[in-house]
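Here the structure comes first, spelled out in structure tokens, and everything after it is commentary.
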Amino acid sequence: MTIVEELDEFIGRFVVMDDDQRLVVALWIIHTYCLDAFEQTPYLLITSPEKQCGKSRLLEVLELFVAKPWMAVLPSEAVAYRKIDLDQPTLLLDEIDTIFNSKSADRYESLRAILNSGHRRGITVPRCLGTGTEFQEFSVFCPKVIAGIGSIPETVAESG
């Protein structure tokens with residue numbers, strides 16, 4: 001049995017998906033270990049029409065297998081770009097519907113910008129350090145899983 005088949009079988013024990021979806025998830029897991037070979041990384045989007053459809057369970061399964069998993073719920077922009085730059089983790093971002101709903105969209109616009117551009121190697125977020133003129137560029141490139149109820153903005157969906 002190949003590693004793809006083993007991943008597919010394991011995923012199928014815990015999450016209800018069709019064969020093609022399980023295969024994509026298994027291959028995407030392997031992609032997280034081969035990231036250095038890619039200039040771009042596709043985002044894995046997990047959505048459902050309502051609560052209790054298995055999104056969080058799939059994130060839990062992914063956390064077991066992806067390279068350098070970082071499970072995050074509503075990270076601030078500063079935390080996100082610093083963590084990504086420091087560790088180049090696989091970001092497992094849950095509750096994305098909270099970030100992109102009309103009531104809180106303005107509060108998370110900076111995080112959305114990171115998601116919009118973080119699929120391409122070399123993209124950075126420049127930030128001033130302290131009160132002087134010194135600045136640092138933080139890489140925002142890493143594999144990302146985005147999970148939530150409903151749909152996400154087109155700019156993020158087209159990025160990955």
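Starting from 1 in every chain, residues are counted up; chains themselves are A, B, ... following the order of the structure tokens, and ligands are numbered from 1 as listed.
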
Inset, instruction - as a ChimeraX atom specification, please: all residues of region 41-127 of chain A that backbone DSSP puts in strand (DSSP E). - result: /A:44-48,69-73,90-94,124-127

Legend entry - Expected answer as a ChimeraX atom specification: alpha helix (DSSP H) residues in chain A: /A:3-14,19-33,55-65,77-87,96-99,109-117,154-159

Give me, as a tab-separated table, the closest atom pair and its distance (Å, one decimal) for every residue of region 108-141 of chain A within a cut-off of 12 Å of region 82-100 of chain A, counting only C-alpha atoms, rows sorted by chain and rising number.
```
residue	atom	partner	partner_atom	distance
A:Tyr108	CA	A:Ile99	CA	5.9
A:Glu109	CA	A:Ile99	CA	8.5
A:Ser110	CA	A:Ile99	CA	10.6
A:Leu111	CA	A:Ile99	CA	8.5
A:Arg112	CA	A:Phe100	CA	8.2
A:Ala113	CA	A:Phe100	CA	11.8
A:Ile114	CA	A:Ile84	CA	10.2
A:Leu115	CA	A:Leu93	CA	10.4
A:Gly118	CA	A:Ile84	CA	9.5
A:His119	CA	A:Leu91	CA	11.6
A:Arg121	CA	A:Gln88	CA	11.1
A:Gly122	CA	A:Asp85	CA	11.0
A:Ile123	CA	A:Asp85	CA	10.7
A:Thr124	CA	A:Asp85	CA	8.8
A:Val125	CA	A:Asp85	CA	9.6
A:Pro126	CA	A:Arg82	CA	11.1
A:Arg127	CA	A:Arg82	CA	10.4
A:Gln136	CA	A:Arg82	CA	10.5
A:Glu137	CA	A:Asp85	CA	8.9
A:Phe138	CA	A:Asp85	CA	5.4
A:Ser139	CA	A:Asp85	CA	4.8
A:Val140	CA	A:Ile84	CA	5.7
A:Phe141	CA	A:Ile84	CA	7.1
```

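Among the candidates A:Val15, A:Thr32, A:Glu6, A:Gly130, the one nearest to Ile46 (chain A) when counting only C-alpha atoms is A:Val15.
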
Inset, instruction - Please provide as a list in words all residues within 7 Å of Arg22 (chain A), with the sequence filter that same-chain residues fewer than 5 positions apart are discarded (counting only C-alpha atoms). - result: Asp8, Ile11 and Met17 of chain A

Same residues, C-alpha atoms, output as a compact mmCIF listing (two decimals), in the first residue's frame:
```txt
# COMPACT_ATOMS: atom_id res chain seq x y z
CA ASP A 8 -6.67 8.19 2.04
CA ILE A 11 -8.84 10.14 6.45
CA MET A 17 -15.82 12.76 1.84
```

Legend entry - Among listed residues A:Phe135, A:Trp28, A:Tyr33, A:Phe14, nearest Ala67 (chain A) (using only C-alpha atoms): A:Tyr33

Inset, instruction - Enter the distance from CA of Ile29 (chain A) to CA of Leu45 (chain A), in Å, rounded to one decimal. - result: 13.1 Å

Inset, instruction - May I ask for the distance between CA of Glu77 (chain A) and CA of Thr131 (chain A), given in Å to one decimal place? - result: 18.9 Å
